[in-house]
$ cat final-v7.cif   # mmCIF, C-alpha atoms
data_protein
loop_
_atom_site.label_atom_id
_atom_site.label_comp_id
_atom_site.auth_asym_id
_atom_site.auth_seq_id
_atom_site.Cartn_x
_atom_site.Cartn_y
_atom_site.Cartn_z
CA MET D 1 -9.33 13.97 -9.80
CA THR D 2 -6.91 13.60 -6.91
CA SER D 3 -3.34 13.92 -8.24
CA ILE D 4 -1.04 11.37 -6.62
CA VAL D 5 2.66 10.62 -7.02
CA VAL D 6 3.98 7.33 -5.69
CA LEU D 7 7.67 7.10 -4.81
CA GLY D 8 8.14 3.40 -4.27
CA SER D 9 9.03 -0.12 -5.26
CA THR D 10 8.09 -2.32 -8.17
CA ASN D 11 8.45 -6.09 -7.72
CA MET D 12 7.36 -9.17 -9.57
CA ASP D 13 5.48 -11.29 -7.02
CA LEU D 14 6.30 -14.99 -7.30
CA VAL D 15 3.31 -16.48 -5.53
CA THR D 16 2.89 -20.05 -4.34
CA TYR D 17 -0.44 -21.26 -2.93
CA VAL D 18 -0.19 -23.93 -0.23
CA PRO D 19 -2.54 -25.58 2.28
CA ARG D 20 -0.28 -24.24 5.03
CA ALA D 21 3.06 -22.43 5.12
CA PRO D 22 6.12 -24.63 5.75
CA ALA D 23 7.93 -24.51 9.08
CA LEU D 24 11.69 -23.92 9.11
CA GLY D 25 13.39 -26.87 7.41
CA GLU D 26 10.11 -28.33 6.17
CA THR D 27 9.01 -28.94 2.57
CA VAL D 28 5.34 -28.79 1.61
CA THR D 29 3.60 -29.33 -1.71
CA GLY D 30 1.99 -26.28 -3.26
CA ARG D 31 -1.32 -26.20 -5.11
CA SER D 32 -0.39 -23.59 -7.74
CA PHE D 33 2.10 -20.89 -8.73
CA ARG D 34 1.65 -17.46 -10.33
CA THR D 35 3.78 -14.47 -11.26
CA VAL D 36 1.92 -11.24 -10.43
CA PRO D 37 3.17 -7.65 -10.85
CA GLY D 38 3.49 -6.04 -7.42
CA GLY D 39 5.73 -4.17 -5.01
CA LYS D 40 4.25 -1.90 -2.35
CA GLY D 41 4.80 1.23 -4.44
CA ALA D 42 3.35 -0.19 -7.65
CA ASN D 43 0.48 -1.78 -5.73
CA GLN D 44 -0.49 1.55 -4.16
CA ALA D 45 -0.21 3.25 -7.55
CA VAL D 46 -2.53 0.70 -9.18
CA ALA D 47 -4.97 0.83 -6.27
CA ALA D 48 -5.14 4.62 -6.38
CA ALA D 49 -5.54 4.71 -10.16
CA ARG D 50 -8.33 2.11 -10.14
CA ALA D 51 -10.03 4.01 -7.30
CA GLY D 52 -10.18 7.12 -9.47
CA GLY D 53 -6.92 8.98 -8.81
CA GLU D 54 -4.58 10.52 -11.37
CA VAL D 55 -1.35 8.67 -10.57
CA ALA D 56 2.32 8.86 -11.55
CA MET D 57 5.10 6.51 -10.43
CA ILE D 58 8.71 7.24 -9.46
CA GLY D 59 10.96 4.20 -9.02
CA ALA D 60 12.89 1.65 -11.07
CA VAL D 61 12.49 -1.66 -12.85
CA GLY D 62 15.26 -3.93 -14.11
CA ALA D 63 16.41 -4.46 -17.68
CA ASP D 64 14.74 -7.88 -17.79
CA ASP D 65 11.46 -9.48 -18.81
CA PHE D 66 9.98 -8.79 -15.37
CA GLY D 67 10.83 -5.09 -15.77
CA ALA D 68 9.05 -4.85 -19.10
CA ARG D 69 5.99 -6.57 -17.67
CA LEU D 70 5.95 -4.36 -14.56
CA ARG D 71 6.07 -1.20 -16.65
CA SER D 72 3.39 -2.49 -19.02
CA THR D 73 1.09 -3.37 -16.13
CA LEU D 74 1.35 0.11 -14.62
CA GLU D 75 0.67 1.73 -17.98
CA HIS D 76 -2.30 -0.56 -18.58
CA CYS D 77 -3.71 0.65 -15.25
CA ALA D 78 -3.33 4.30 -16.40
CA VAL D 79 -0.33 5.02 -14.15
CA ASP D 80 2.13 7.53 -15.66
CA THR D 81 5.55 5.79 -15.93
CA ASP D 82 7.54 8.58 -17.61
CA LEU D 83 9.83 8.82 -14.56
CA LEU D 84 10.00 5.08 -13.86
CA ARG D 85 13.68 4.30 -14.46
CA THR D 86 15.16 1.18 -16.05
CA ALA D 87 18.24 -0.03 -14.18
CA GLU D 88 20.82 -2.57 -15.28
CA GLY D 89 20.28 -6.01 -13.81
CA SER D 90 17.20 -7.66 -12.38
CA SER D 91 13.90 -6.22 -11.26
CA GLY D 92 12.81 -6.53 -7.66
CA THR D 93 11.05 -9.73 -6.69
CA ALA D 94 8.78 -10.76 -3.83
CA HIS D 95 8.57 -14.45 -2.98
CA VAL D 96 5.10 -15.00 -1.50
CA VAL D 97 3.56 -18.04 0.18
CA VAL D 98 -0.24 -17.90 0.58
CA ASP D 99 -2.04 -20.46 2.76
CA ASP D 100 -5.63 -21.72 2.60
CA GLU D 101 -6.72 -19.13 5.18
CA GLY D 102 -5.56 -16.31 2.92
CA GLY D 103 -2.57 -15.46 5.11
CA ASN D 104 0.84 -14.82 3.58
CA ALA D 105 4.57 -14.75 4.24
CA ILE D 106 6.85 -12.70 1.98
CA VAL D 107 10.58 -12.41 1.20
CA VAL D 108 11.52 -9.33 -0.85
CA VAL D 109 14.69 -9.09 -2.99
CA PRO D 110 15.10 -5.38 -3.90
CA GLY D 111 16.88 -5.70 -7.27
CA ALA D 112 16.46 -2.48 -9.29
CA ASN D 113 14.65 -0.80 -6.39
CA GLY D 114 17.98 -0.52 -4.60
CA THR D 115 19.31 1.82 -7.29
CA VAL D 116 16.81 4.58 -6.45
CA THR D 117 18.89 6.46 -3.88
CA SER D 118 18.04 10.10 -4.67
CA LEU D 119 15.56 12.27 -6.56
CA THR D 120 16.20 13.88 -9.93
CA GLN D 121 15.07 17.39 -10.86
CA GLY D 122 12.31 15.79 -12.90
CA ASP D 123 11.15 13.81 -9.86
CA GLU D 124 10.94 16.99 -7.80
CA ALA D 125 9.02 18.79 -10.53
CA LEU D 126 6.53 15.91 -10.69
CA ILE D 127 6.04 15.86 -6.92
CA ALA D 128 5.32 19.60 -7.02
CA THR D 129 2.25 18.92 -9.20
CA ALA D 130 0.70 16.41 -6.80
CA ASP D 131 -1.94 16.65 -4.11
CA ALA D 132 -0.27 13.78 -2.24
CA LEU D 133 2.97 11.79 -2.22
CA LEU D 134 2.74 8.12 -1.23
CA LEU D 135 5.82 6.56 0.37
CA GLN D 136 6.75 3.12 1.70
CA LEU D 137 10.03 1.57 2.90
CA GLU D 138 10.98 -0.80 0.05
CA LEU D 139 13.31 1.80 -1.52
CA PRO D 140 16.56 2.94 0.14
CA LEU D 141 15.70 5.04 3.19
CA SER D 142 17.73 7.97 1.87
CA VAL D 143 15.35 8.61 -1.03
CA VAL D 144 12.26 8.05 1.12
CA VAL D 145 13.47 10.78 3.48
CA GLU D 146 14.39 13.04 0.57
CA GLY D 147 10.96 12.51 -0.99
CA ALA D 148 9.11 13.36 2.21
CA VAL D 149 11.23 16.44 2.92
CA THR D 150 10.81 17.63 -0.67
CA ALA D 151 7.05 17.17 -0.55
CA ARG D 152 6.83 19.05 2.74
CA ARG D 153 8.85 21.94 1.28
CA LEU D 154 6.54 22.03 -1.75
CA GLY D 155 3.35 21.90 0.32
CA VAL D 156 2.38 18.40 -0.85
CA ARG D 157 0.65 16.03 1.61
CA THR D 158 2.85 13.06 2.55
CA VAL D 159 1.42 9.63 3.34
CA LEU D 160 3.85 7.01 4.65
CA THR D 161 3.28 3.27 4.97
CA PRO D 162 6.11 2.18 7.35
CA ALA D 163 6.65 -1.25 5.79
CA PRO D 164 8.78 -3.26 6.05
CA ALA D 165 8.87 -2.02 9.65
CA GLN D 166 12.11 -0.37 10.75
CA PRO D 167 13.14 2.56 12.95
CA LEU D 168 12.09 5.85 11.33
CA PRO D 169 14.52 8.78 11.37
CA PRO D 170 13.23 11.98 13.00
CA GLU D 171 13.49 13.94 9.73
CA LEU D 172 11.16 11.45 8.02
CA LEU D 173 8.58 11.60 10.79
CA ALA D 174 8.78 15.40 10.84
CA ALA D 175 7.90 15.49 7.13
CA THR D 176 5.05 12.94 7.35
CA ASP D 177 1.45 14.17 7.40
CA LEU D 178 -0.32 10.81 7.64
CA LEU D 179 1.27 7.58 8.89
CA VAL D 180 -0.51 4.31 7.97
CA PRO D 181 1.00 1.30 9.80
CA ASN D 182 -0.74 -1.99 10.35
CA GLU D 183 -1.10 -3.11 13.96
CA HIS D 184 2.17 -5.09 13.87
CA GLU D 185 4.13 -2.16 12.42
CA ALA D 186 2.58 0.19 14.97
CA ALA D 187 3.71 -2.15 17.75
CA ALA D 188 7.21 -2.40 16.27
CA LEU D 189 7.49 1.41 16.08
CA THR D 190 6.22 2.07 19.62
CA GLY D 191 6.73 -1.09 21.64
CA LEU D 192 3.00 -1.00 22.46
CA THR D 193 0.76 -3.90 21.46
CA ASP D 194 -2.53 -2.09 22.05
CA PRO D 195 -3.39 -0.28 18.77
CA ARG D 196 -5.03 2.67 20.54
CA ALA D 197 -2.03 3.21 22.78
CA ALA D 198 0.33 2.82 19.82
CA ALA D 199 -1.66 5.33 17.75
CA GLN D 200 -1.58 7.87 20.57
CA ALA D 201 2.18 7.38 20.95
CA LEU D 202 2.73 7.90 17.22
CA LEU D 203 0.83 11.20 17.39
CA ARG D 204 3.81 12.63 19.26
CA ASP D 205 5.70 12.47 15.95
CA VAL D 206 3.04 12.87 13.22
CA PRO D 207 -0.27 14.78 13.14
CA GLU D 208 -2.48 11.92 11.84
CA VAL D 209 -2.31 8.13 12.13
CA VAL D 210 -4.39 5.31 10.68
CA VAL D 211 -3.67 1.87 12.14
CA THR D 212 -5.05 -0.94 9.99
CA LEU D 213 -6.38 -3.94 11.91
CA GLY D 214 -7.03 -6.50 9.19
CA ALA D 215 -10.50 -8.03 9.42
CA ALA D 216 -11.25 -5.82 12.45
CA GLY D 217 -11.09 -2.62 10.36
CA SER D 218 -8.98 0.41 11.16
CA LEU D 219 -8.34 3.07 13.78
CA TYR D 220 -8.08 6.78 12.97
CA ALA D 221 -6.24 9.08 15.36
CA VAL D 222 -5.57 12.82 15.14
CA ARG D 223 -4.04 15.13 17.71
CA GLY D 224 -6.54 16.59 20.16
CA ALA D 225 -9.30 13.99 19.69
CA GLU D 226 -10.18 10.45 20.74
CA PRO D 227 -9.29 7.71 18.20
CA VAL D 228 -12.17 6.56 15.99
CA ALA D 229 -12.59 2.85 15.18
CA VAL D 230 -14.07 2.01 11.78
CA PRO D 231 -15.19 -1.63 11.34
CA ALA D 232 -14.48 -3.55 8.15
CA PRO D 233 -17.00 -5.54 6.10
CA ARG D 234 -17.11 -9.24 6.96
CA VAL D 235 -15.91 -11.29 4.00
CA ARG D 236 -14.26 -14.64 3.31
CA ALA D 237 -10.59 -13.96 2.47
CA VAL D 238 -8.96 -15.84 -0.38
CA ASP D 239 -5.65 -13.94 -0.51
CA THR D 240 -4.73 -10.96 1.68
CA THR D 241 -1.63 -10.05 -0.36
CA GLY D 242 -1.84 -6.37 -1.30
CA ALA D 243 -4.87 -5.64 0.88
CA GLY D 244 -3.02 -2.98 2.87
CA ASP D 245 -1.80 -1.29 -0.30
CA THR D 246 -5.32 -1.39 -1.74
CA PHE D 247 -6.53 0.33 1.43
CA VAL D 248 -3.88 3.07 1.29
CA GLY D 249 -4.37 3.81 -2.41
CA ALA D 250 -8.15 4.08 -2.02
CA LEU D 251 -7.84 6.06 1.22
CA VAL D 252 -5.68 8.77 -0.34
CA VAL D 253 -8.11 9.12 -3.24
CA ALA D 254 -11.05 9.43 -0.84
CA LEU D 255 -9.30 11.97 1.38
CA GLY D 256 -8.23 13.95 -1.67
CA GLU D 257 -11.87 14.16 -2.72
CA GLY D 258 -12.73 15.76 0.61
CA ARG D 259 -14.51 12.85 2.27
CA PRO D 260 -14.48 13.02 6.11
CA ALA D 261 -11.88 10.70 7.59
CA PRO D 262 -14.30 8.02 8.95
CA GLU D 263 -16.12 7.85 5.60
CA ALA D 264 -12.81 7.74 3.72
CA LEU D 265 -11.63 4.86 5.92
CA ALA D 266 -14.87 2.95 5.38
CA TRP D 267 -14.61 3.48 1.62
CA ALA D 268 -10.99 2.28 1.60
CA GLN D 269 -11.92 -0.75 3.71
CA THR D 270 -14.58 -1.61 1.16
CA ALA D 271 -11.86 -1.60 -1.52
CA ALA D 272 -9.62 -3.82 0.62
CA ALA D 273 -12.51 -6.22 1.34
CA LEU D 274 -13.10 -6.61 -2.38
CA SER D 275 -9.41 -7.28 -2.97
CA VAL D 276 -9.02 -10.09 -0.41
CA GLN D 277 -11.75 -12.09 -2.15
CA ARG D 278 -9.49 -12.46 -5.21
CA GLU D 279 -6.06 -13.97 -5.74
CA GLY D 280 -2.99 -11.78 -6.29
CA ALA D 281 -1.95 -8.28 -5.31
CA SER D 282 -2.34 -5.75 -8.14
CA THR D 283 -4.61 -8.14 -10.03
CA SER D 284 -7.07 -8.24 -7.13
CA MET D 285 -7.54 -4.48 -6.77
CA PRO D 286 -11.06 -3.21 -7.48
CA TYR D 287 -12.13 -0.42 -9.81
CA ARG D 288 -13.97 2.66 -8.58
CA VAL D 289 -17.33 1.48 -9.89
CA GLU D 290 -16.98 -1.73 -7.84
CA ILE D 291 -15.97 0.14 -4.70
CA GLU D 292 -18.88 2.57 -4.99
CA ALA D 293 -21.39 -0.23 -5.58
CA ALA D 294 -20.19 -2.24 -2.58
CA PHE D 295 -19.89 0.85 -0.36
CA LEU D 296 -23.47 1.88 -1.09
CA SER D 297 -24.78 -1.71 -0.82
CA PRO D 298 -22.64 -3.56 1.77
CA HIS D 299 -24.71 -6.75 1.37
CA ILE D 300 -22.87 -7.25 -1.95
CA LEU D 301 -19.72 -7.86 0.07
CA GLU D 302 -21.20 -9.67 3.01
CA ALA D 303 -23.30 -12.17 1.06
CA ASP D 304 -20.46 -14.70 1.24
CA ALA D 305 -19.23 -13.72 4.68
CA VAL D 306 -18.01 -16.36 7.08
#
$ encode --input "final-v7.cif" --output "structure tokens"
Amino acid sequence: MTSIVVLGSTNMDLVTYVPRAPALGETVTGRSFRTVPGGKGANQAVAAARAGGEVAMIGAVGADDFGARLRSTLEHCAVDTDLLRTAEGSSGTAHVVVDDEGGNAIVVVPGANGTVTSLTQGDEALIATADALLLQLELPLSVVVEGAVTARRLGVRTVLTPAPAQPLPPELLAATDLLVPNEHEAAALTGLTDPRAAAQALLRDVPEVVVTLGAAGSLYAVRGAEPVAVPAPRVRAVDTTGAGDTFVGALVVALGEGRPAPEALAWAQTAAALSVQREGASTSMPYRVEIEAAFLSPHILEADAV
């Protein structure tokens, strides 16, 4: 099994489903409301565990009911939470609006995630046991940088999802092995709207880049070679929340198992395609047996395609 440590956020997603998202100053009537365990870190941990990885989580939940539920959800998904801290105060929350096209808009309130500012000795020891460290940008940047630098020193592969998009310090980029932005994050980081051009620009700072393109698939770029486009299965999206995290979690498992990059991307896109056909973030993430079945028989996915 691929051994993965996730250094990242845990949030309770407060999800409202609406025919369309409200404009500024407008009130709309929602169809339904759900609370769903999430956070980019926890989502990637669940996705990787369900895809067949051996996963442990470093982060923090609050001393509230949401915190207890977040921890329980991770444990139920076979994610090791021994180093998931409990901080005074509230857990992180994400306030999500999902429209009838499956698109979403999200406001994140960090809560307990903001207390994770540095690694402990136990955190470092755990990272040393991993094949890969997954990072995002919903924890304070100081600990993200520290995590990447520590993993690099220990010879552990670092995979960074640069979301929410923000300028990345040189020391973080220097310690990143694989950068996985979506097309909007890639544009924000480079100023280039063309994904191929953005990927090539990012290769000046990191050795490998995967730019996710939503329904269009993904683009893999490595220094010294032409970028490779990998199409995604055509499906009808119900809720795209967590699709990117599903992709990353599955991708790291596939790469850790030695699959060639294009095959690993296609496998991860199959996982993401399964997830967008269900409501929620962590609750929508497929298990390995589902991914394998759909990957080997794509018509399972595309039967209900638009």
$ atom_distance --input "final-v7.cif" --atom1 "atom CA of Gln44 of chain D" --atom2 "atom CA of Gly244 of chain D"
8.7 Å
$ resolve_selection --input "final-v7.cif" --expression "the PyMOL selection byres ((chain D and resi 120) around 12)" --output "NGL selection string"
:D and (58-59 or 83-85 or 116-119 or 121-127 or 143 or 146-147 or 150)
$ resolve_selection --input "final-v7.cif" --expression "the PyMOL selection byres ((chain D and resi 197-204) around 10)" --output "PDB file with C-alpha atoms, keeping the file's coordinate frame"
ATOM      1  CA  LEU D 173       8.580  11.600  10.790  1.00  0.00           C
ATOM      2  CA  LEU D 178      -0.320  10.810   7.640  1.00  0.00           C
ATOM      3  CA  LEU D 179       1.270   7.580   8.890  1.00  0.00           C
ATOM      4  CA  VAL D 180      -0.510   4.310   7.970  1.00  0.00           C
ATOM      5  CA  PRO D 181       1.000   1.300   9.800  1.00  0.00           C
ATOM      6  CA  GLU D 183      -1.100  -3.110  13.960  1.00  0.00           C
ATOM      7  CA  GLU D 185       4.130  -2.160  12.420  1.00  0.00           C
ATOM      8  CA  ALA D 186       2.580   0.190  14.970  1.00  0.00           C
ATOM      9  CA  ALA D 187       3.710  -2.150  17.750  1.00  0.00           C
ATOM     10  CA  ALA D 188       7.210  -2.400  16.270  1.00  0.00           C
ATOM     11  CA  LEU D 189       7.490   1.410  16.080  1.00  0.00           C
ATOM     12  CA  THR D 190       6.220   2.070  19.620  1.00  0.00           C
ATOM     13  CA  GLY D 191       6.730  -1.090  21.640  1.00  0.00           C
ATOM     14  CA  LEU D 192       3.000  -1.000  22.460  1.00  0.00           C
ATOM     15  CA  THR D 193       0.760  -3.900  21.460  1.00  0.00           C
ATOM     16  CA  ASP D 194      -2.530  -2.090  22.050  1.00  0.00           C
ATOM     17  CA  PRO D 195      -3.390  -0.280  18.770  1.00  0.00           C
ATOM     18  CA  ARG D 196      -5.030   2.670  20.540  1.00  0.00           C
ATOM     19  CA  ASP D 205       5.700  12.470  15.950  1.00  0.00           C
ATOM     20  CA  VAL D 206       3.040  12.870  13.220  1.00  0.00           C
ATOM     21  CA  PRO D 207      -0.270  14.780  13.140  1.00  0.00           C
ATOM     22  CA  GLU D 208      -2.480  11.920  11.840  1.00  0.00           C
ATOM     23  CA  VAL D 209      -2.310   8.130  12.130  1.00  0.00           C
ATOM     24  CA  VAL D 210      -4.390   5.310  10.680  1.00  0.00           C
ATOM     25  CA  VAL D 211      -3.670   1.870  12.140  1.00  0.00           C
ATOM     26  CA  LEU D 219      -8.340   3.070  13.780  1.00  0.00           C
ATOM     27  CA  TYR D 220      -8.080   6.780  12.970  1.00  0.00           C
ATOM     28  CA  ALA D 221      -6.240   9.080  15.360  1.00  0.00           C
ATOM     29  CA  VAL D 222      -5.570  12.820  15.140  1.00  0.00           C
ATOM     30  CA  ARG D 223      -4.040  15.130  17.710  1.00  0.00           C
ATOM     31  CA  GLY D 224      -6.540  16.590  20.160  1.00  0.00           C
ATOM     32  CA  ALA D 225      -9.300  13.990  19.690  1.00  0.00           C
ATOM     33  CA  GLU D 226     -10.180  10.450  20.740  1.00  0.00           C
ATOM     34  CA  PRO D 227      -9.290   7.710  18.200  1.00  0.00           C
TER      35      PRO D 227
END
$ atom_distance --input "final-v7.cif" --atom1 "atom CA of Arg31 of chain D" --atom2 "atom CA of His95 of chain D"
15.5 Å
$ resolve_selection --input "final-v7.cif" --expression "the PyMOL selection byres ((chain D and resi 237) around 6)" --output "PDB file with C-alpha atoms, in the coordinates of the input"
ATOM      1  CA  GLY D 102      -5.560 -16.310   2.920  1.00  0.00           C
ATOM      2  CA  ARG D 236     -14.260 -14.640   3.310  1.00  0.00           C
ATOM      3  CA  VAL D 238      -8.960 -15.840  -0.380  1.00  0.00           C
ATOM      4  CA  ASP D 239      -5.650 -13.940  -0.510  1.00  0.00           C
ATOM      5  CA  VAL D 276      -9.020 -10.090  -0.410  1.00  0.00           C
ATOM      6  CA  GLN D 277     -11.750 -12.090  -2.150  1.00  0.00           C
TER       7      GLN D 277
END
$ atom_distance --input "final-v7.cif" --atom1 "atom CA of Val46 of chain D" --atom2 "atom CA of Ser218 of chain D"
21.3 Å
